[in-house]
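S.K.: This is the content of final.cif (mmCIF, N, CA, C and O atoms):
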data_final
#
loop_
_atom_site.label_atom_id
_atom_site.label_comp_id
_atom_site.auth_asym_id
_atom_site.auth_seq_id
_atom_site.Cartn_x
_atom_site.Cartn_y
_atom_site.Cartn_z
N MET F 28 13.86 252.76 167.60
CA MET F 28 14.66 252.24 166.53
C MET F 28 15.99 252.97 166.49
O MET F 28 16.04 254.18 166.48
N LYS F 29 17.07 252.24 166.45
CA LYS F 29 18.42 252.81 166.44
C LYS F 29 18.86 253.04 165.00
O LYS F 29 18.88 252.12 164.19
N MET F 30 19.18 254.30 164.68
CA MET F 30 19.67 254.64 163.34
C MET F 30 21.18 254.71 163.37
O MET F 30 21.78 254.97 164.41
N SER F 31 21.77 254.52 162.20
CA SER F 31 23.22 254.63 162.08
C SER F 31 23.64 256.08 162.30
O SER F 31 22.84 257.01 162.20
N ASN F 32 24.92 256.28 162.57
CA ASN F 32 25.45 257.64 162.76
C ASN F 32 25.26 258.47 161.50
O ASN F 32 24.97 259.67 161.59
N LYS F 33 25.42 257.84 160.33
CA LYS F 33 25.25 258.55 159.07
C LYS F 33 23.81 259.01 158.89
O LYS F 33 23.54 260.13 158.50
N ALA F 34 22.85 258.12 159.21
CA ALA F 34 21.44 258.48 159.10
C ALA F 34 21.08 259.57 160.11
O ALA F 34 20.32 260.48 159.80
N THR F 35 21.62 259.48 161.30
CA THR F 35 21.38 260.50 162.32
C THR F 35 21.91 261.85 161.85
O THR F 35 21.24 262.88 162.03
N ALA F 36 23.08 261.86 161.24
CA ALA F 36 23.65 263.11 160.72
C ALA F 36 22.77 263.69 159.62
O ALA F 36 22.55 264.90 159.57
N LYS F 37 22.26 262.83 158.73
CA LYS F 37 21.37 263.30 157.67
C LYS F 37 20.08 263.87 158.26
O LYS F 37 19.56 264.89 157.80
N ALA F 38 19.53 263.21 159.27
CA ALA F 38 18.32 263.71 159.93
C ALA F 38 18.57 265.10 160.49
O ALA F 38 17.72 265.98 160.38
N ASP F 39 19.74 265.30 161.07
CA ASP F 39 20.08 266.62 161.60
C ASP F 39 20.23 267.65 160.47
O ASP F 39 19.73 268.77 160.57
N THR F 40 20.89 267.26 159.38
CA THR F 40 21.07 268.16 158.24
C THR F 40 19.73 268.58 157.67
O THR F 40 19.51 269.76 157.38
N TYR F 41 18.82 267.63 157.50
CA TYR F 41 17.51 267.91 156.92
C TYR F 41 16.50 268.42 157.95
O TYR F 41 15.37 268.70 157.62
N ARG F 42 16.94 268.51 159.19
CA ARG F 42 16.10 268.99 160.30
C ARG F 42 14.84 268.15 160.46
O ARG F 42 13.75 268.67 160.66
N LEU F 43 15.00 266.83 160.35
CA LEU F 43 13.88 265.92 160.53
C LEU F 43 13.71 265.55 161.98
O LEU F 43 14.68 265.18 162.65
N GLN F 44 12.49 265.62 162.45
CA GLN F 44 12.20 265.20 163.81
C GLN F 44 12.26 263.68 163.88
O GLN F 44 11.81 262.99 162.96
N ARG F 45 12.79 263.15 164.97
CA ARG F 45 12.87 261.69 165.13
C ARG F 45 11.49 261.11 165.46
O ARG F 45 11.12 260.06 164.97
N ILE F 46 10.74 261.82 166.32
CA ILE F 46 9.40 261.39 166.72
C ILE F 46 8.47 262.58 166.50
O ILE F 46 8.77 263.69 166.93
N THR F 47 7.35 262.32 165.81
CA THR F 47 6.43 263.41 165.48
C THR F 47 5.06 262.82 165.15
O THR F 47 4.80 261.67 165.49
N THR F 48 4.22 263.58 164.48
CA THR F 48 2.92 263.11 164.00
C THR F 48 2.84 263.39 162.50
O THR F 48 3.54 264.28 162.00
N PRO F 49 2.00 262.66 161.77
CA PRO F 49 1.84 262.96 160.34
C PRO F 49 1.41 264.41 160.10
O PRO F 49 1.87 265.05 159.15
N GLU F 50 0.57 264.93 160.96
CA GLU F 50 0.12 266.31 160.82
C GLU F 50 1.29 267.30 160.91
O GLU F 50 1.42 268.21 160.10
N ASN F 51 2.18 267.10 161.88
CA ASN F 51 3.34 267.97 162.01
C ASN F 51 4.28 267.84 160.82
O ASN F 51 4.82 268.83 160.33
N LEU F 52 4.48 266.61 160.35
CA LEU F 52 5.32 266.40 159.17
C LEU F 52 4.76 267.13 157.96
O LEU F 52 5.48 267.82 157.25
N GLU F 53 3.47 266.95 157.75
CA GLU F 53 2.83 267.56 156.59
C GLU F 53 2.95 269.09 156.64
O GLU F 53 3.32 269.73 155.65
N THR F 54 2.66 269.67 157.77
CA THR F 54 2.73 271.12 157.92
C THR F 54 4.13 271.62 157.63
O THR F 54 4.31 272.59 156.90
N ARG F 55 5.12 270.96 158.16
CA ARG F 55 6.50 271.40 157.99
C ARG F 55 6.99 271.17 156.57
O ARG F 55 7.58 272.04 155.94
N LEU F 56 6.75 269.98 156.02
CA LEU F 56 7.30 269.63 154.72
C LEU F 56 6.60 270.32 153.55
O LEU F 56 7.25 270.72 152.59
N LEU F 57 5.29 270.45 153.61
CA LEU F 57 4.58 271.05 152.49
C LEU F 57 4.96 272.51 152.29
O LEU F 57 4.97 273.01 151.17
N ASN F 58 5.31 273.19 153.34
CA ASN F 58 5.74 274.58 153.23
C ASN F 58 7.13 274.71 152.64
O ASN F 58 7.55 275.80 152.29
N ASN F 59 7.87 273.61 152.57
CA ASN F 59 9.25 273.63 152.08
C ASN F 59 9.44 272.77 150.83
O ASN F 59 10.54 272.30 150.56
N GLY F 60 8.37 272.53 150.07
CA GLY F 60 8.49 271.79 148.81
C GLY F 60 8.50 270.29 148.95
O GLY F 60 8.85 269.59 148.01
N GLY F 61 8.12 269.77 150.10
CA GLY F 61 8.12 268.32 150.31
C GLY F 61 6.74 267.70 150.12
O GLY F 61 5.75 268.39 149.90
N THR F 62 6.70 266.39 150.21
CA THR F 62 5.47 265.61 150.04
C THR F 62 5.47 264.48 151.05
O THR F 62 6.52 263.91 151.35
N ILE F 63 4.29 264.15 151.59
CA ILE F 63 4.18 262.95 152.41
C ILE F 63 2.98 262.13 151.94
O ILE F 63 2.00 262.68 151.44
N LEU F 64 3.10 260.82 152.09
CA LEU F 64 2.03 259.89 151.77
C LEU F 64 1.93 258.86 152.89
O LEU F 64 2.95 258.36 153.36
N THR F 65 0.71 258.56 153.29
CA THR F 65 0.51 257.45 154.22
C THR F 65 0.43 256.19 153.38
O THR F 65 -0.30 256.14 152.38
N PHE F 66 1.19 255.17 153.76
CA PHE F 66 1.28 253.93 152.99
C PHE F 66 1.28 252.77 153.98
O PHE F 66 2.32 252.38 154.50
N GLY F 67 0.09 252.28 154.33
CA GLY F 67 -0.02 251.24 155.35
C GLY F 67 0.39 251.78 156.70
O GLY F 67 -0.15 252.77 157.17
N ASP F 68 1.37 251.12 157.33
CA ASP F 68 1.82 251.56 158.65
C ASP F 68 3.01 252.51 158.57
O ASP F 68 3.69 252.76 159.54
N ARG F 69 3.27 253.03 157.36
CA ARG F 69 4.40 253.93 157.17
C ARG F 69 3.94 255.28 156.62
O ARG F 69 2.89 255.40 156.02
N ILE F 70 4.77 256.25 156.83
CA ILE F 70 4.64 257.56 156.19
C ILE F 70 5.85 257.69 155.28
O ILE F 70 6.99 257.56 155.71
N LEU F 71 5.58 257.92 154.00
CA LEU F 71 6.65 258.10 153.01
C LEU F 71 6.87 259.59 152.81
O LEU F 71 5.92 260.35 152.66
N VAL F 72 8.13 259.98 152.80
CA VAL F 72 8.48 261.40 152.72
C VAL F 72 9.39 261.64 151.53
O VAL F 72 10.34 260.90 151.29
N ALA F 73 9.06 262.70 150.79
CA ALA F 73 9.98 263.28 149.81
C ALA F 73 10.22 264.69 150.32
O ALA F 73 9.33 265.53 150.28
N GLY F 74 11.39 264.91 150.84
CA GLY F 74 11.72 266.22 151.38
C GLY F 74 12.62 267.00 150.44
O GLY F 74 13.26 266.43 149.55
N TYR F 75 12.65 268.30 150.62
CA TYR F 75 13.46 269.18 149.79
C TYR F 75 14.50 269.87 150.66
O TYR F 75 14.17 270.43 151.70
N PHE F 76 15.75 269.80 150.20
CA PHE F 76 16.83 270.49 150.88
C PHE F 76 17.79 270.95 149.80
O PHE F 76 18.36 270.14 149.08
N TYR F 77 17.96 272.25 149.64
CA TYR F 77 18.72 272.78 148.51
C TYR F 77 20.11 272.16 148.40
O TYR F 77 20.85 272.06 149.37
N ASP F 78 20.43 271.74 147.18
CA ASP F 78 21.76 271.23 146.86
C ASP F 78 22.12 271.80 145.49
O ASP F 78 21.36 271.64 144.54
N PRO F 79 23.24 272.48 145.36
CA PRO F 79 23.58 273.12 144.09
C PRO F 79 23.75 272.16 142.92
O PRO F 79 23.71 272.58 141.77
N ASN F 80 23.89 270.85 143.17
CA ASN F 80 24.03 269.89 142.07
C ASN F 80 22.69 269.59 141.40
O ASN F 80 22.63 268.83 140.45
N GLY F 81 21.60 270.17 141.91
CA GLY F 81 20.29 269.96 141.31
C GLY F 81 19.54 268.77 141.85
O GLY F 81 18.38 268.55 141.52
N HIS F 82 20.17 267.96 142.67
CA HIS F 82 19.52 266.81 143.29
C HIS F 82 19.17 267.19 144.72
O HIS F 82 19.86 266.82 145.65
N SER F 83 18.07 267.90 144.86
CA SER F 83 17.73 268.50 146.15
C SER F 83 16.69 267.72 146.96
O SER F 83 16.33 268.15 148.04
N TYR F 84 16.20 266.61 146.45
CA TYR F 84 15.17 265.84 147.17
C TYR F 84 15.78 264.63 147.85
O TYR F 84 16.68 263.99 147.32
N TYR F 85 15.27 264.32 149.02
CA TYR F 85 15.69 263.12 149.74
C TYR F 85 14.44 262.31 150.07
O TYR F 85 13.32 262.82 150.10
N GLY F 86 14.63 261.04 150.30
CA GLY F 86 13.53 260.17 150.73
C GLY F 86 13.71 259.81 152.18
O GLY F 86 14.83 259.73 152.68
N ALA F 87 12.60 259.60 152.86
CA ALA F 87 12.63 259.16 154.26
C ALA F 87 11.36 258.37 154.53
O ALA F 87 10.36 258.51 153.83
N THR F 88 11.43 257.51 155.54
CA THR F 88 10.25 256.79 155.96
C THR F 88 10.09 256.92 157.47
O THR F 88 11.07 256.98 158.21
N TYR F 89 8.84 257.00 157.87
CA TYR F 89 8.47 256.99 159.28
C TYR F 89 7.55 255.80 159.48
O TYR F 89 6.85 255.38 158.56
N ARG F 90 7.53 255.24 160.68
CA ARG F 90 6.61 254.15 161.04
C ARG F 90 5.74 254.59 162.20
O ARG F 90 6.21 255.23 163.13
N PHE F 91 4.45 254.21 162.11
CA PHE F 91 3.56 254.46 163.23
C PHE F 91 4.02 253.61 164.41
O PHE F 91 4.39 252.44 164.25
N THR F 92 3.99 254.18 165.59
CA THR F 92 4.43 253.46 166.78
C THR F 92 3.27 253.03 167.66
O THR F 92 3.48 252.36 168.66
N THR F 93 2.05 253.43 167.27
CA THR F 93 0.85 253.05 168.02
C THR F 93 -0.22 252.61 167.02
O THR F 93 -0.03 252.71 165.80
N ALA F 94 -1.35 252.17 167.50
CA ALA F 94 -2.46 251.76 166.64
C ALA F 94 -3.18 252.95 166.04
O ALA F 94 -4.00 252.80 165.13
N ASP F 95 -2.91 254.14 166.53
CA ASP F 95 -3.54 255.36 166.02
C ASP F 95 -2.85 255.78 164.72
O ASP F 95 -1.76 256.34 164.74
N HIS F 96 -3.49 255.49 163.58
CA HIS F 96 -2.91 255.83 162.28
C HIS F 96 -3.58 257.06 161.67
O HIS F 96 -3.65 257.21 160.46
N THR F 97 -4.07 257.94 162.53
CA THR F 97 -4.66 259.19 162.06
C THR F 97 -3.56 260.25 161.97
O THR F 97 -2.39 259.97 162.27
N CYS F 98 -3.95 261.47 161.63
CA CYS F 98 -2.97 262.55 161.54
C CYS F 98 -2.34 262.87 162.89
O CYS F 98 -1.30 263.50 162.96
N GLU F 99 -2.97 262.41 163.97
CA GLU F 99 -2.47 262.67 165.32
C GLU F 99 -1.65 261.51 165.88
O GLU F 99 -1.13 261.58 166.98
N GLY F 100 -1.55 260.41 165.11
CA GLY F 100 -0.80 259.24 165.58
C GLY F 100 0.69 259.53 165.68
O GLY F 100 1.23 260.40 164.97
N ARG F 101 1.36 258.81 166.53
CA ARG F 101 2.79 259.02 166.72
C ARG F 101 3.58 258.21 165.69
O ARG F 101 3.31 257.03 165.47
N VAL F 102 4.55 258.86 165.05
CA VAL F 102 5.42 258.19 164.09
C VAL F 102 6.88 258.44 164.46
O VAL F 102 7.21 259.46 165.06
N GLU F 103 7.71 257.47 164.07
CA GLU F 103 9.14 257.55 164.38
C GLU F 103 9.93 257.41 163.09
O GLU F 103 9.62 256.56 162.24
N LEU F 104 10.96 258.22 162.92
CA LEU F 104 11.82 258.17 161.75
C LEU F 104 12.48 256.79 161.67
O LEU F 104 13.10 256.34 162.63
N ALA F 105 12.35 256.14 160.51
CA ALA F 105 12.90 254.80 160.34
C ALA F 105 14.10 254.77 159.40
O ALA F 105 15.06 254.04 159.65
N SER F 106 14.05 255.54 158.31
CA SER F 106 15.17 255.51 157.36
C SER F 106 15.22 256.79 156.54
O SER F 106 14.22 257.49 156.39
N ILE F 107 16.41 257.07 156.02
CA ILE F 107 16.66 258.23 155.17
C ILE F 107 17.54 257.77 154.01
O ILE F 107 18.49 257.01 154.22
N SER F 108 17.25 258.26 152.82
CA SER F 108 18.06 257.87 151.66
C SER F 108 19.49 258.38 151.80
O SER F 108 19.72 259.47 152.31
N GLU F 109 20.43 257.57 151.34
CA GLU F 109 21.83 257.99 151.36
C GLU F 109 22.11 259.03 150.29
O GLU F 109 22.93 259.90 150.46
N ASN F 110 21.40 258.91 149.17
CA ASN F 110 21.58 259.82 148.05
C ASN F 110 20.41 260.78 147.95
O ASN F 110 19.34 260.53 148.50
N THR F 111 20.62 261.84 147.19
CA THR F 111 19.53 262.77 146.90
C THR F 111 19.06 262.53 145.48
O THR F 111 19.74 261.86 144.69
N PHE F 112 17.90 263.08 145.14
CA PHE F 112 17.25 262.80 143.87
C PHE F 112 16.90 264.09 143.14
O PHE F 112 16.78 265.15 143.74
N GLU F 113 16.67 263.96 141.83
CA GLU F 113 16.36 265.13 141.01
C GLU F 113 14.94 265.64 141.20
O GLU F 113 14.65 266.79 140.87
N ASP F 114 14.04 264.80 141.73
CA ASP F 114 12.66 265.24 141.92
C ASP F 114 12.01 264.44 143.04
O ASP F 114 12.56 263.45 143.52
N ASP F 115 10.81 264.89 143.45
CA ASP F 115 10.13 264.23 144.56
C ASP F 115 9.59 262.85 144.19
O ASP F 115 9.46 261.99 145.04
N GLY F 116 9.31 262.61 142.91
CA GLY F 116 8.85 261.29 142.48
C GLY F 116 9.89 260.21 142.74
O GLY F 116 9.58 259.12 143.23
N HIS F 117 11.15 260.50 142.42
CA HIS F 117 12.22 259.53 142.67
C HIS F 117 12.44 259.32 144.17
O HIS F 117 12.73 258.22 144.62
N ALA F 118 12.28 260.39 144.93
CA ALA F 118 12.44 260.27 146.39
C ALA F 118 11.33 259.40 146.98
O ALA F 118 11.58 258.55 147.84
N ILE F 119 10.09 259.58 146.50
CA ILE F 119 8.98 258.74 146.99
C ILE F 119 9.18 257.30 146.54
O ILE F 119 8.91 256.37 147.30
N ALA F 120 9.66 257.08 145.32
CA ALA F 120 9.93 255.72 144.84
C ALA F 120 10.94 255.04 145.77
O ALA F 120 10.79 253.86 146.11
N TRP F 121 11.97 255.77 146.18
CA TRP F 121 12.96 255.21 147.12
C TRP F 121 12.26 254.84 148.43
O TRP F 121 12.47 253.75 148.97
N ALA F 122 11.43 255.75 148.93
CA ALA F 122 10.76 255.51 150.21
C ALA F 122 9.82 254.29 150.11
O ALA F 122 9.74 253.51 151.05
N MET F 123 9.15 254.13 148.98
CA MET F 123 8.26 252.96 148.81
C MET F 123 9.05 251.66 148.84
O MET F 123 8.60 250.66 149.35
N ALA F 124 10.25 251.68 148.28
CA ALA F 124 11.09 250.48 148.20
C ALA F 124 11.75 250.17 149.55
O ALA F 124 12.27 249.07 149.74
N ASN F 125 11.78 251.13 150.45
CA ASN F 125 12.46 250.92 151.73
C ASN F 125 11.45 250.89 152.84
O ASN F 125 11.61 251.18 153.92
#
Represent the structure of the file as structure tokens.
M.R.:
Amino acid sequence: MKMSNKATAKADTYRLQRITTPENLETRLLNNGGTILTFGDRILVAGYFYDPNGHSYYGATYRFTTADHTCEGRVELASISENTFEDDGHAIAWAMAN
């Protein structure tokens, strides 16, 4: 999946892997104040990245690329929110809508 230059830059800023597994995402994000949820064929992400304005959470979605939807299945970054949010609930709401 081809992401825009802006989305690619955000992925770099947030240090998001383009291709990974749910297990790797969970290990990395949970240690840094983030949350992930499996939602059908997607992984919804609320990540944390410090921002002095108080809106430190971002939303992102990953899609499974194979039929293996376990923690070892392969997922690919699909989208990242343009804006940041005040909490992880708003970031997950964004991810659910996208």
S.K.: Evaluated on this file, the PyMOL selection byres (((chain F and resi 124 and name CA) around 12) and name CA) picks out some residues - which ones are they, written as a PyMOL selection string?
M.R.: chain F and resi 66+69+71+86-88+106-108+117-123+125
S.K.: Any chance you could export the current selection's N, CA, C and O atoms as a compact mmCIF listing (two decimals), in the frame of the given file?
M.R.:
# COMPACT_ATOMS: atom_id res chain seq x y z
N PHE F 66 1.19 255.17 153.76
CA PHE F 66 1.28 253.93 152.99
C PHE F 66 1.28 252.77 153.98
O PHE F 66 2.32 252.38 154.50
N ARG F 69 3.27 253.03 157.36
CA ARG F 69 4.40 253.93 157.17
C ARG F 69 3.94 255.28 156.62
O ARG F 69 2.89 255.40 156.02
N LEU F 71 5.58 257.92 154.00
CA LEU F 71 6.65 258.10 153.01
C LEU F 71 6.87 259.59 152.81
O LEU F 71 5.92 260.35 152.66
N GLY F 86 14.63 261.04 150.30
CA GLY F 86 13.53 260.17 150.73
C GLY F 86 13.71 259.81 152.18
O GLY F 86 14.83 259.73 152.68
N ALA F 87 12.60 259.60 152.86
CA ALA F 87 12.63 259.16 154.26
C ALA F 87 11.36 258.37 154.53
O ALA F 87 10.36 258.51 153.83
N THR F 88 11.43 257.51 155.54
CA THR F 88 10.25 256.79 155.96
C THR F 88 10.09 256.92 157.47
O THR F 88 11.07 256.98 158.21
N SER F 106 14.05 255.54 158.31
CA SER F 106 15.17 255.51 157.36
C SER F 106 15.22 256.79 156.54
O SER F 106 14.22 257.49 156.39
N ILE F 107 16.41 257.07 156.02
CA ILE F 107 16.66 258.23 155.17
C ILE F 107 17.54 257.77 154.01
O ILE F 107 18.49 257.01 154.22
N SER F 108 17.25 258.26 152.82
CA SER F 108 18.06 257.87 151.66
C SER F 108 19.49 258.38 151.80
O SER F 108 19.72 259.47 152.31
N HIS F 117 11.15 260.50 142.42
CA HIS F 117 12.22 259.53 142.67
C HIS F 117 12.44 259.32 144.17
O HIS F 117 12.73 258.22 144.62
N ALA F 118 12.28 260.39 144.93
CA ALA F 118 12.44 260.27 146.39
C ALA F 118 11.33 259.40 146.98
O ALA F 118 11.58 258.55 147.84
N ILE F 119 10.09 259.58 146.50
CA ILE F 119 8.98 258.74 146.99
C ILE F 119 9.18 257.30 146.54
O ILE F 119 8.91 256.37 147.30
N ALA F 120 9.66 257.08 145.32
CA ALA F 120 9.93 255.72 144.84
C ALA F 120 10.94 255.04 145.77
O ALA F 120 10.79 253.86 146.11
N TRP F 121 11.97 255.77 146.18
CA TRP F 121 12.96 255.21 147.12
C TRP F 121 12.26 254.84 148.43
O TRP F 121 12.47 253.75 148.97
N ALA F 122 11.43 255.75 148.93
CA ALA F 122 10.76 255.51 150.21
C ALA F 122 9.82 254.29 150.11
O ALA F 122 9.74 253.51 151.05
N MET F 123 9.15 254.13 148.98
CA MET F 123 8.26 252.96 148.81
C MET F 123 9.05 251.66 148.84
O MET F 123 8.60 250.66 149.35
N ASN F 125 11.78 251.13 150.45
CA ASN F 125 12.46 250.92 151.73
C ASN F 125 11.45 250.89 152.84
O ASN F 125 11.61 251.18 153.92
S.K.: Translate the PyMOL selection byres ((chain F and resi 61) around 5), as applied to the file shown, into an explicit residue set as a PDB file with N, CA, C and O atoms, in the coordinates of the input.
M.R.:
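The result, stored in part.pdb:
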ATOM      1  N   LEU F  56       6.750 269.980 156.020  1.00  0.00           N
ATOM      2  CA  LEU F  56       7.300 269.630 154.720  1.00  0.00           C
ATOM      3  C   LEU F  56       6.600 270.320 153.550  1.00  0.00           C
ATOM      4  O   LEU F  56       7.250 270.720 152.590  1.00  0.00           O
ATOM      5  N   LEU F  57       5.290 270.450 153.610  1.00  0.00           N
ATOM      6  CA  LEU F  57       4.580 271.050 152.490  1.00  0.00           C
ATOM      7  C   LEU F  57       4.960 272.510 152.290  1.00  0.00           C
ATOM      8  O   LEU F  57       4.970 273.010 151.170  1.00  0.00           O
ATOM      9  N   ASN F  59       7.870 273.610 152.570  1.00  0.00           N
ATOM     10  CA  ASN F  59       9.250 273.630 152.080  1.00  0.00           C
ATOM     11  C   ASN F  59       9.440 272.770 150.830  1.00  0.00           C
ATOM     12  O   ASN F  59      10.540 272.300 150.560  1.00  0.00           O
ATOM     13  N   GLY F  60       8.370 272.530 150.070  1.00  0.00           N
ATOM     14  CA  GLY F  60       8.490 271.790 148.810  1.00  0.00           C
ATOM     15  C   GLY F  60       8.500 270.290 148.950  1.00  0.00           C
ATOM     16  O   GLY F  60       8.850 269.590 148.010  1.00  0.00           O
ATOM     17  N   THR F  62       6.700 266.390 150.210  1.00  0.00           N
ATOM     18  CA  THR F  62       5.470 265.610 150.040  1.00  0.00           C
ATOM     19  C   THR F  62       5.470 264.480 151.050  1.00  0.00           C
ATOM     20  O   THR F  62       6.520 263.910 151.350  1.00  0.00           O
ATOM     21  N   ILE F  63       4.290 264.150 151.590  1.00  0.00           N
ATOM     22  CA  ILE F  63       4.180 262.950 152.410  1.00  0.00           C
ATOM     23  C   ILE F  63       2.980 262.130 151.940  1.00  0.00           C
ATOM     24  O   ILE F  63       2.000 262.680 151.440  1.00  0.00           O
ATOM     25  N   ALA F  73       9.060 262.700 150.790  1.00  0.00           N
ATOM     26  CA  ALA F  73       9.980 263.280 149.810  1.00  0.00           C
ATOM     27  C   ALA F  73      10.220 264.690 150.320  1.00  0.00           C
ATOM     28  O   ALA F  73       9.330 265.530 150.280  1.00  0.00           O
ATOM     29  N   GLY F  74      11.390 264.910 150.840  1.00  0.00           N
ATOM     30  CA  GLY F  74      11.720 266.220 151.380  1.00  0.00           C
ATOM     31  C   GLY F  74      12.620 267.000 150.440  1.00  0.00           C
ATOM     32  O   GLY F  74      13.260 266.430 149.550  1.00  0.00           O
ATOM     33  N   TYR F  75      12.650 268.300 150.620  1.00  0.00           N
ATOM     34  CA  TYR F  75      13.460 269.180 149.790  1.00  0.00           C
ATOM     35  C   TYR F  75      14.500 269.870 150.660  1.00  0.00           C
ATOM     36  O   TYR F  75      14.170 270.430 151.700  1.00  0.00           O
TER      37      TYR F  75
END
S.K.: Using backbone DSSP assignments, extract all alpha helix (DSSP H) residues from stretch 57-124 of chain F; output them as a list in words.
M.R.: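 Residues of stretch 57-124 of chain F classed as alpha helix (DSSP H): Leu57, Asp115, Gly116, His117, Ala118, Ile119, Ala120, Trp121, Ala122, Met123 and Ala124 of chain F.
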S.K.: Selected by the PyMOL selection byres (((chain F and resi 80 and name CA) around 12) and name CA) in the shown coordinates: which residues, as a PyMOL selection string?
M.R.: chain F and resi 76-79+81-84+110-113
S.K.: So how far away is atom CA of F:Thr47 from atom CA of F:Arg101, in Å?
M.R.: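 Atom-to-atom, atom CA of F:Arg101 and atom CA of F:Thr47 are spaced 5.8 Å apart.
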S.K.: Using atom O of F:Thr65 and atom O of F:Thr92 as the two end points, give the distance in Å to one decimal.
M.R.: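 Pair atom O of F:Thr65 / atom O of F:Thr92 returns 17.1 Å.
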S.K.: Some atoms are missing, so please complete stretch 59-65 of chain F with all heavy atoms and return it as a CSV table (one decimal), in the frame of the given file.
M.R.:
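So rebuild27.csv came out as:
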chain,number,residue,atom,x,y,z
F,59,ASN,N,7.9,273.6,152.6
F,59,ASN,CA,9.2,273.6,152.1
F,59,ASN,C,9.4,272.8,150.8
F,59,ASN,O,10.5,272.3,150.6
F,59,ASN,CB,10.2,273.1,153.2
F,59,ASN,CG,10.2,274.1,154.3
F,59,ASN,OD1,10.3,275.3,154.1
F,59,ASN,ND2,10.1,273.6,155.5
F,60,GLY,N,8.4,272.5,150.1
F,60,GLY,CA,8.5,271.8,148.8
F,60,GLY,C,8.5,270.3,149.0
F,60,GLY,O,8.8,269.6,148.0
F,61,GLY,N,8.1,269.8,150.1
F,61,GLY,CA,8.1,268.3,150.3
F,61,GLY,C,6.7,267.7,150.1
F,61,GLY,O,5.8,268.4,149.9
F,62,THR,N,6.7,266.4,150.2
F,62,THR,CA,5.5,265.6,150.0
F,62,THR,C,5.5,264.5,151.0
F,62,THR,O,6.5,263.9,151.4
F,62,THR,CB,5.4,265.0,148.6
F,62,THR,OG1,5.6,266.0,147.7
F,62,THR,CG2,4.2,264.2,148.4
F,63,ILE,N,4.3,264.2,151.6
F,63,ILE,CA,4.2,263.0,152.4
F,63,ILE,C,3.0,262.1,151.9
F,63,ILE,O,2.0,262.7,151.4
F,63,ILE,CB,4.1,263.2,153.9
F,63,ILE,CG1,2.7,263.8,154.3
F,63,ILE,CG2,5.2,264.2,154.4
F,63,ILE,CD1,2.5,263.7,155.8
F,64,LEU,N,3.1,260.8,152.1
F,64,LEU,CA,2.0,259.9,151.8
F,64,LEU,C,1.9,258.9,152.9
F,64,LEU,O,3.0,258.4,153.4
F,64,LEU,CB,2.3,259.1,150.5
F,64,LEU,CG,2.5,259.9,149.2
F,64,LEU,CD1,3.0,259.0,148.1
F,64,LEU,CD2,1.1,260.5,148.8
F,65,THR,N,0.7,258.6,153.3
F,65,THR,CA,0.5,257.4,154.2
F,65,THR,C,0.4,256.2,153.4
F,65,THR,O,-0.3,256.1,152.4
F,65,THR,CB,-0.8,257.6,155.0
F,65,THR,OG1,-0.7,258.9,155.7
F,65,THR,CG2,-1.0,256.5,156.0
